[in-house]
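data-v1.csv, holding CSV, C-alpha atoms:
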chain,number,residue,atom,x,y,z
A,1,MET,CA,6.2,-69.7,-30.3
A,2,GLY,CA,5.1,-71.5,-27.2
A,3,SER,CA,6.3,-71.3,-23.6
A,4,ALA,CA,10.1,-71.2,-23.1
A,5,VAL,CA,9.5,-74.2,-20.8
A,6,ALA,CA,7.7,-77.2,-22.3
A,7,VAL,CA,5.9,-79.5,-19.8
A,8,VAL,CA,5.5,-83.2,-20.5
A,9,THR,CA,3.7,-85.8,-18.6
A,10,ASP,CA,2.4,-89.4,-19.3
A,11,SER,CA,-0.9,-91.0,-20.0
A,12,THR,CA,-1.4,-92.2,-16.4
A,13,ALA,CA,-2.1,-88.6,-15.3
A,14,TYR,CA,-5.6,-89.3,-16.7
A,15,LEU,CA,-6.4,-85.6,-17.3
A,16,PRO,CA,-10.0,-84.9,-18.5
A,17,PRO,CA,-10.3,-84.5,-22.3
A,18,GLY,CA,-8.9,-81.2,-23.5
A,19,LEU,CA,-7.4,-80.2,-20.2
A,20,ALA,CA,-3.8,-81.1,-21.2
A,21,GLU,CA,-4.1,-79.2,-24.5
A,22,ARG,CA,-5.5,-76.1,-22.8
A,23,HIS,CA,-2.5,-76.1,-20.4
A,24,GLY,CA,0.1,-76.8,-23.1
A,25,LEU,CA,0.9,-80.3,-21.8
A,26,THR,CA,2.3,-83.0,-24.0
A,27,VAL,CA,1.3,-86.5,-23.0
A,28,VAL,CA,3.4,-89.5,-23.7
A,29,PRO,CA,1.4,-92.8,-23.6
A,30,LEU,CA,2.4,-95.9,-21.7
A,31,GLN,CA,1.7,-99.2,-23.5
A,32,ILE,CA,-0.6,-102.1,-22.8
A,33,ALA,CA,-0.7,-105.6,-24.2
A,34,VAL,CA,-4.0,-107.5,-24.4
A,35,GLY,CA,-4.1,-110.9,-26.0
A,36,GLY,CA,-0.5,-110.6,-27.2
A,37,THR,CA,-1.2,-107.3,-29.1
A,38,THR,CA,0.6,-104.2,-27.7
A,39,ARG,CA,-0.9,-100.8,-28.2
A,40,ASP,CA,-0.5,-97.3,-26.8
A,41,GLU,CA,-2.8,-96.7,-23.8
A,42,GLY,CA,-4.9,-94.2,-25.7
A,43,ASP,CA,-5.6,-96.8,-28.5
A,44,ILE,CA,-7.5,-99.2,-26.3
A,45,SER,CA,-10.7,-98.3,-24.6
A,46,THR,CA,-11.1,-98.5,-20.9
A,47,ALA,CA,-14.3,-100.6,-21.5
A,48,GLU,CA,-12.4,-103.1,-23.5
A,49,ALA,CA,-9.8,-103.4,-20.8
A,50,ALA,CA,-12.4,-103.7,-18.1
A,51,GLN,CA,-14.1,-106.5,-20.0
A,52,ALA,CA,-10.8,-108.3,-20.4
A,53,LEU,CA,-10.2,-107.9,-16.6
A,54,LYS,CA,-13.7,-109.2,-15.8
A,55,GLU,CA,-12.9,-112.3,-17.9
A,56,TRP,CA,-9.5,-112.6,-16.2
A,57,HIS,CA,-7.6,-112.4,-19.5
A,58,PRO,CA,-3.9,-111.7,-19.2
A,59,ILE,CA,-3.1,-108.0,-19.6
A,60,THR,CA,0.3,-106.4,-19.2
A,61,THR,CA,1.6,-102.9,-19.2
A,62,SER,CA,5.0,-101.3,-20.0
A,63,ARG,CA,6.8,-98.0,-20.0
A,64,PRO,CA,7.3,-95.9,-23.1
A,65,ALA,CA,10.5,-96.5,-24.9
A,66,PRO,CA,13.1,-93.8,-24.4
A,67,ARG,CA,12.8,-93.0,-28.1
A,68,ARG,CA,9.3,-91.8,-27.5
A,69,PHE,CA,10.5,-89.3,-25.0
A,70,ALA,CA,13.4,-88.3,-27.2
A,71,ASP,CA,11.0,-87.5,-30.0
A,72,VAL,CA,8.9,-85.3,-27.7
A,73,TYR,CA,11.9,-83.4,-26.3
A,74,GLU,CA,13.2,-82.8,-29.8
A,75,ALA,CA,9.8,-81.5,-31.0
A,76,ALA,CA,9.6,-79.2,-28.0
A,77,ALA,CA,13.0,-77.7,-28.8
A,78,SER,CA,12.0,-77.3,-32.5
A,79,SER,CA,9.0,-75.4,-31.4
A,80,GLY,CA,11.1,-72.9,-29.4
A,81,ALA,CA,11.3,-74.4,-25.9
A,82,ARG,CA,14.6,-73.6,-24.2
A,83,SER,CA,14.0,-76.3,-21.6
A,84,VAL,CA,11.7,-79.2,-20.7
A,85,VAL,CA,10.1,-80.3,-17.4
A,86,SER,CA,8.9,-83.9,-17.7
A,87,VAL,CA,6.6,-85.0,-14.8
A,88,HIS,CA,5.8,-88.7,-14.4
A,89,LEU,CA,4.3,-91.5,-12.4
A,90,SER,CA,6.1,-92.9,-9.4
A,91,SER,CA,9.4,-94.7,-10.2
A,92,ALA,CA,8.4,-97.3,-7.6
A,93,MET,CA,5.5,-98.4,-9.9
A,94,SER,CA,7.0,-98.0,-13.3
A,95,GLY,CA,10.2,-97.5,-15.3
A,96,THR,CA,8.7,-94.5,-17.0
A,97,VAL,CA,10.9,-92.0,-15.1
A,98,GLU,CA,14.0,-94.1,-16.0
A,99,ALA,CA,13.0,-94.0,-19.7
A,100,ALA,CA,12.5,-90.2,-19.6
A,101,ARG,CA,15.9,-89.7,-17.9
A,102,LEU,CA,17.7,-91.8,-20.5
A,103,ALA,CA,16.1,-89.7,-23.3
A,104,ALA,CA,17.0,-86.5,-21.4
A,105,ASP,CA,20.7,-87.3,-21.5
A,106,ASP,CA,20.8,-86.7,-25.3
A,107,ALA,CA,18.1,-84.1,-25.6
A,108,PRO,CA,18.9,-80.8,-27.5
A,109,VAL,CA,17.7,-78.7,-24.6
A,110,PRO,CA,18.0,-79.2,-20.8
A,111,VAL,CA,15.3,-81.6,-19.5
A,112,ARG,CA,14.4,-81.9,-15.8
A,113,VAL,CA,12.6,-85.2,-15.0
A,114,VAL,CA,10.3,-85.1,-12.0
A,115,ASP,CA,9.3,-88.3,-10.2
A,116,SER,CA,5.9,-87.4,-8.8
A,117,GLY,CA,5.8,-90.3,-6.4
A,118,THR,CA,2.2,-90.9,-7.3
A,119,ILE,CA,-0.1,-91.8,-10.2
A,120,GLY,CA,-3.5,-90.9,-11.7
A,121,MET,CA,-4.8,-87.4,-11.0
A,122,GLY,CA,-2.2,-87.0,-8.3
A,123,LEU,CA,0.3,-86.9,-11.1
A,124,GLY,CA,-2.2,-84.9,-13.2
A,125,PHE,CA,-2.4,-82.1,-10.7
A,126,ALA,CA,1.4,-82.0,-10.3
A,127,ALA,CA,1.8,-81.7,-14.1
A,128,LEU,CA,-0.9,-78.9,-14.2
A,129,SER,CA,1.0,-76.9,-11.6
A,130,ALA,CA,4.2,-77.1,-13.6
A,131,ALA,CA,2.3,-76.1,-16.7
A,132,ALA,CA,0.7,-73.1,-14.9
A,133,VAL,CA,4.2,-71.9,-14.0
A,134,ALA,CA,5.5,-72.4,-17.5
A,135,MET,CA,2.5,-70.6,-19.1
A,136,SER,CA,3.0,-67.6,-16.8
A,137,GLY,CA,6.7,-67.3,-17.9
A,138,GLY,CA,8.3,-69.0,-14.9
A,139,SER,CA,11.6,-70.9,-15.1
A,140,ALA,CA,12.1,-74.6,-15.4
A,141,GLU,CA,13.3,-74.6,-11.8
A,142,GLU,CA,10.1,-72.9,-10.7
A,143,ALA,CA,8.0,-75.4,-12.6
A,144,VAL,CA,9.9,-78.3,-11.1
A,145,ALA,CA,9.3,-76.9,-7.6
A,146,ALA,CA,5.6,-76.4,-8.2
A,147,ALA,CA,5.1,-80.0,-9.5
A,148,THR,CA,7.1,-81.4,-6.6
A,149,ARG,CA,5.3,-79.4,-4.0
A,150,ARG,CA,1.9,-80.2,-5.4
A,151,ALA,CA,2.7,-83.9,-5.5
A,152,GLU,CA,3.9,-83.8,-1.9
A,153,LEU,CA,0.7,-82.1,-0.7
A,154,THR,CA,-1.7,-84.3,-2.7
A,155,ARG,CA,-3.3,-87.4,-1.1
A,156,SER,CA,-4.8,-90.3,-3.1
A,157,LEU,CA,-7.4,-92.5,-1.5
A,158,ILE,CA,-8.5,-95.7,-3.2
A,159,TYR,CA,-11.2,-98.3,-2.9
A,160,VAL,CA,-11.0,-101.6,-4.8
A,161,ASP,CA,-13.5,-104.4,-4.9
A,162,THR,CA,-10.6,-107.0,-4.8
A,163,LEU,CA,-6.9,-107.0,-4.3
A,164,GLU,CA,-6.5,-109.8,-6.8
A,165,HIS,CA,-5.6,-107.5,-9.7
A,166,LEU,CA,-2.9,-105.8,-7.7
A,167,ARG,CA,-1.5,-109.1,-6.7
A,168,ARG,CA,-1.5,-110.5,-10.2
A,169,GLY,CA,0.2,-107.3,-11.5
A,170,GLY,CA,2.9,-107.4,-8.8
A,171,ARG,CA,2.0,-103.9,-7.6
A,172,ILE,CA,0.4,-104.9,-4.3
A,173,GLY,CA,3.4,-103.8,-2.1
A,174,ALA,CA,2.6,-103.4,1.5
A,175,ALA,CA,-1.1,-104.0,0.8
A,176,ALA,CA,-0.1,-107.7,0.7
A,177,THR,CA,-0.8,-107.6,4.5
A,178,LEU,CA,-4.5,-107.5,3.6
A,179,LEU,CA,-4.5,-110.6,1.4
A,180,GLY,CA,-5.1,-113.1,4.2
A,181,SER,CA,-8.5,-111.6,4.9
A,182,ALA,CA,-9.2,-110.2,1.4
A,183,LEU,CA,-12.4,-112.2,0.9
A,184,MET,CA,-13.8,-110.8,4.2
A,185,VAL,CA,-13.0,-107.2,3.7
A,186,LYS,CA,-13.2,-104.3,1.2
A,187,PRO,CA,-9.8,-102.6,1.3
A,188,LEU,CA,-9.1,-98.9,1.4
A,189,LEU,CA,-5.7,-98.0,0.1
A,190,ASP,CA,-3.5,-94.9,-0.4
A,191,ILE,CA,-0.1,-94.1,-1.9
A,192,ALA,CA,2.8,-93.9,0.5
A,193,ASP,CA,6.5,-93.6,-0.5
A,194,GLY,CA,5.5,-94.0,-4.1
A,195,ARG,CA,3.7,-97.3,-3.6
A,196,ILE,CA,0.2,-98.5,-3.1
A,197,ALA,CA,-0.2,-99.1,0.7
A,198,PRO,CA,-3.0,-100.4,3.0
A,199,LEU,CA,-5.0,-97.8,4.8
A,200,GLU,CA,-8.1,-99.5,6.3
A,201,LYS,CA,-10.1,-102.7,6.2
A,202,VAL,CA,-13.9,-102.3,6.0
A,203,ARG,CA,-16.4,-105.1,6.1
A,204,THR,CA,-18.8,-104.1,3.3
A,205,SER,CA,-18.5,-102.1,0.1
A,206,SER,CA,-21.2,-99.6,1.3
A,207,ARG,CA,-19.2,-98.9,4.5
A,208,ALA,CA,-16.0,-98.7,2.5
A,209,LEU,CA,-17.4,-96.1,0.1
A,210,ALA,CA,-18.8,-94.1,3.0
A,211,ARG,CA,-15.5,-94.2,4.7
A,212,LEU,CA,-13.7,-93.1,1.5
A,213,GLU,CA,-15.9,-90.1,1.5
A,214,GLU,CA,-15.2,-89.3,5.1
A,215,LEU,CA,-11.5,-89.6,4.7
A,216,ALA,CA,-11.5,-87.3,1.6
A,217,VAL,CA,-13.5,-84.6,3.5
A,218,ALA,CA,-11.2,-84.8,6.5
A,219,GLU,CA,-8.1,-84.6,4.2
A,220,ALA,CA,-9.4,-81.5,2.5
A,221,GLY,CA,-10.2,-79.8,5.8
A,222,ASP,CA,-10.4,-76.0,5.4
A,223,ARG,CA,-7.8,-75.8,2.7
A,224,ARG,CA,-8.5,-74.6,-0.9
A,225,VAL,CA,-8.4,-77.9,-2.8
A,226,ASP,CA,-9.0,-79.4,-6.2
A,227,LEU,CA,-10.5,-82.9,-6.3
A,228,GLY,CA,-10.2,-85.7,-8.7
A,229,VAL,CA,-12.8,-88.5,-8.5
A,230,GLN,CA,-11.6,-91.5,-10.5
A,231,HIS,CA,-13.2,-94.9,-11.2
A,232,LEU,CA,-13.1,-98.0,-13.4
A,233,ALA,CA,-16.5,-99.1,-14.7
A,234,ALA,CA,-18.2,-97.3,-11.8
A,235,SER,CA,-19.4,-94.0,-13.3
A,236,GLY,CA,-22.6,-93.8,-11.3
A,237,ARG,CA,-20.7,-94.2,-8.0
A,238,ALA,CA,-18.1,-91.7,-9.1
A,239,GLU,CA,-20.6,-89.0,-10.1
A,240,ALA,CA,-22.6,-89.5,-6.9
A,241,LEU,CA,-19.5,-89.2,-4.8
A,242,ALA,CA,-18.3,-86.1,-6.6
A,243,ALA,CA,-21.7,-84.4,-6.0
A,244,ARG,CA,-21.5,-85.2,-2.3
A,245,LEU,CA,-17.9,-83.9,-2.0
A,246,ARG,CA,-18.9,-80.7,-3.7
A,247,GLU,CA,-21.4,-80.1,-1.0
A,248,ARG,CA,-19.2,-81.3,1.9
A,249,VAL,CA,-15.8,-79.8,1.2
A,250,PRO,CA,-16.0,-76.1,2.1
A,251,HIS,CA,-13.3,-74.7,-0.1
A,252,VAL,CA,-13.3,-76.9,-3.2
A,253,GLU,CA,-12.2,-75.3,-6.4
A,254,ASP,CA,-12.2,-77.7,-9.4
A,255,VAL,CA,-13.7,-81.2,-9.3
A,256,TYR,CA,-12.7,-83.6,-12.1
A,257,VAL,CA,-14.5,-86.9,-12.6
A,258,GLY,CA,-13.1,-89.4,-14.9
A,259,GLU,CA,-12.4,-93.0,-15.7
A,260,VAL,CA,-8.9,-94.3,-15.2
A,261,GLY,CA,-7.2,-95.9,-18.3
A,262,PRO,CA,-6.1,-99.4,-18.8
A,263,VAL,CA,-2.6,-99.0,-17.3
A,264,ILE,CA,-4.1,-98.3,-13.9
A,265,GLY,CA,-7.2,-100.4,-14.6
A,266,VAL,CA,-5.1,-103.6,-15.0
A,267,HIS,CA,-4.0,-103.3,-11.4
A,268,VAL,CA,-7.1,-102.0,-9.6
A,269,GLY,CA,-9.9,-103.8,-11.5
A,270,PRO,CA,-13.5,-102.9,-12.2
A,271,GLY,CA,-15.3,-101.2,-9.4
A,272,MET,CA,-12.3,-99.1,-8.3
A,273,LEU,CA,-13.2,-95.7,-6.9
A,274,GLY,CA,-10.6,-93.1,-5.9
A,275,VAL,CA,-10.4,-89.6,-4.6
A,276,VAL,CA,-7.4,-87.3,-5.1
A,277,VAL,CA,-7.3,-84.4,-2.8
A,278,ALA,CA,-4.9,-81.7,-4.1
A,279,PRO,CA,-4.4,-78.6,-2.0
A,280,GLN,CA,-3.7,-75.5,-4.1
A,281,LEU,CA,-0.3,-73.9,-4.0
Write the structure described by the file as structure tokens, please.
Amino acid sequence: MGSAVAVVTDSTAYLPPGLAERHGLTVVPLQIAVGGTTRDEGDISTAEAAQALKEWHPITTSRPAPRRFADVYEAAASSGARSVVSVHLSSAMSGTVEAARLAADDAPVPVRVVDSGTIGMGLGFAALSAAAVAMSGGSAEEAVAAATRRAELTRSLIYVDTLEHLRRGGRIGAAATLLGSALMVKPLLDIADGRIAPLEKVRTSSRALARLEELAVAEAGDRRVDLGVQHLAASGRAEALAARLRERVPHVEDVYVGEVGPVIGVHVGPGMLGVVVAPQL
């Protein structure tokens, strides 16, 4: 029998291969449509999506159907779970939380749905914190509290080569204030109030990447932190940045480097580089 509390997240957590399984996490995929064909996020490669973006082909994303969550909750109950904690990307960016809540209403065991207010490894770290509580025998309430607190403490810093993908996808939010000078600057963004928001405008990509590093180091400070370095079609940049952060952040624990999937990739575009700073609880 598994843990009395089952923890579920979604594919936009972008956890490194094997990490979800080792922590007992179940991952529900979002969906992506390329060229009129809709597939689960895990069934389309990031390289394929990146190429489509470079060629400006239309790509759309959608939340999982409530039935997908219902099936997962029922499977957890059948495996012996007495409750479920379901941790997902910001409700301001997607209807995933709503779909999970609809499924929770009819689940055979109590389901607590957590709106992380973030996405990517920010969501991933929150889900891992909930899973750690569950695996140690903690209650659903304690797992919810851990996920919520980790998400609140975590900071996501993002560099994109262009805002055009965010604009086309309708996810640009307050970062629209940067559009007027978008051709003249390389934008740095973060996530505030569950949405992508403008942070700074930098004149060149090299300066923007250096500034991204400085902001991440300052955000970590002297705290014990985990770091996530995420990219889209920029693995060299990501690995180099991760190596520098390992040297510069004094109390870094785990550093995960990975490529974001198509659901985020559609909105940030190739060349995106992000750092997630997650203080440990």
**Report entry** Distance criterion (all atoms listed in the file): nearest to Ala49 (chain A) out of A:Ala233, A:Val255, A:Ala75, A:Ala243
**Finding:**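 Nearest to Ala49 (chain A): A:Ala233.
CA of Asp254 (chain A) to CA of Ser116 (chain A) spans 20.5 Å [interatomic distance, one decimal].
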Requested in this report: Tell me, in Å to one decimal, how far CA of Val34 (chain A) is from CA of Arg63 (chain A).
Outcome: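 Value for the CA of Val34 (chain A)-CA of Arg63 (chain A) distance: 15.0 Å.
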Report task. For Gly95 (chain A), please output as a PyMOL selection string all residues within 12 Å (counting all atoms listed in the file; exclusion window: fewer than 5 positions along the same chain). Result -> chain A and resi 10+30-31+61-66+88-90+100-102+115
Could you work out an axis-aligned box for region 13-22 of chain A, taking every atom the file lists and adding 8 Å on each side, and report centre and edge lengths in Å to one decimal, as AutoDock Vina command-line options?
--center_x -6.2 --center_y -82.7 --center_z -19.9 --size_x 24.2 --size_y 29.2 --size_z 25.2
Query - Option closest in space to Ser3 (chain A), from A:Arg82, A:Arg246, A:Arg195, A:Arg211 [counting all atoms listed in the file] - result: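 Nearest candidate to Ser3 (chain A) out of A:Arg82, A:Arg246, A:Arg195, A:Arg211: A:Arg82.
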Using only C-alpha atoms, determine which residues lie at most 10 Å from Arg237 (chain A), disregarding the query and same-chain residues fewer than 6 positions distant; provide the list as a compact mmCIF listing (two decimals) with C-alpha atoms, in the frame of the given file.
# COMPACT_ATOMS: atom_id res chain seq x y z
CA LEU A 209 -17.40 -96.10 0.10
CA VAL A 229 -12.80 -88.50 -8.50
CA GLN A 230 -11.60 -91.50 -10.50
CA HIS A 231 -13.20 -94.90 -11.20
CA GLY A 271 -15.30 -101.20 -9.40
CA MET A 272 -12.30 -99.10 -8.30
CA LEU A 273 -13.20 -95.70 -6.90
Residues at most 12 Å from Gly137 (chain A), counting all atoms listed in the file, excluding those fewer than 4 positions away in the same chain, as a CSV table (one decimal) with C-alpha atoms, in the coordinates of the input?
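Final file, part-v1.csv:
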chain,number,residue,atom,x,y,z
A,2,GLY,CA,5.1,-71.5,-27.2
A,3,SER,CA,6.3,-71.3,-23.6
A,4,ALA,CA,10.1,-71.2,-23.1
A,5,VAL,CA,9.5,-74.2,-20.8
A,6,ALA,CA,7.7,-77.2,-22.3
A,81,ALA,CA,11.3,-74.4,-25.9
A,82,ARG,CA,14.6,-73.6,-24.2
A,130,ALA,CA,4.2,-77.1,-13.6
A,131,ALA,CA,2.3,-76.1,-16.7
A,132,ALA,CA,0.7,-73.1,-14.9
A,133,VAL,CA,4.2,-71.9,-14.0
A,141,GLU,CA,13.3,-74.6,-11.8
A,142,GLU,CA,10.1,-72.9,-10.7
A,143,ALA,CA,8.0,-75.4,-12.6
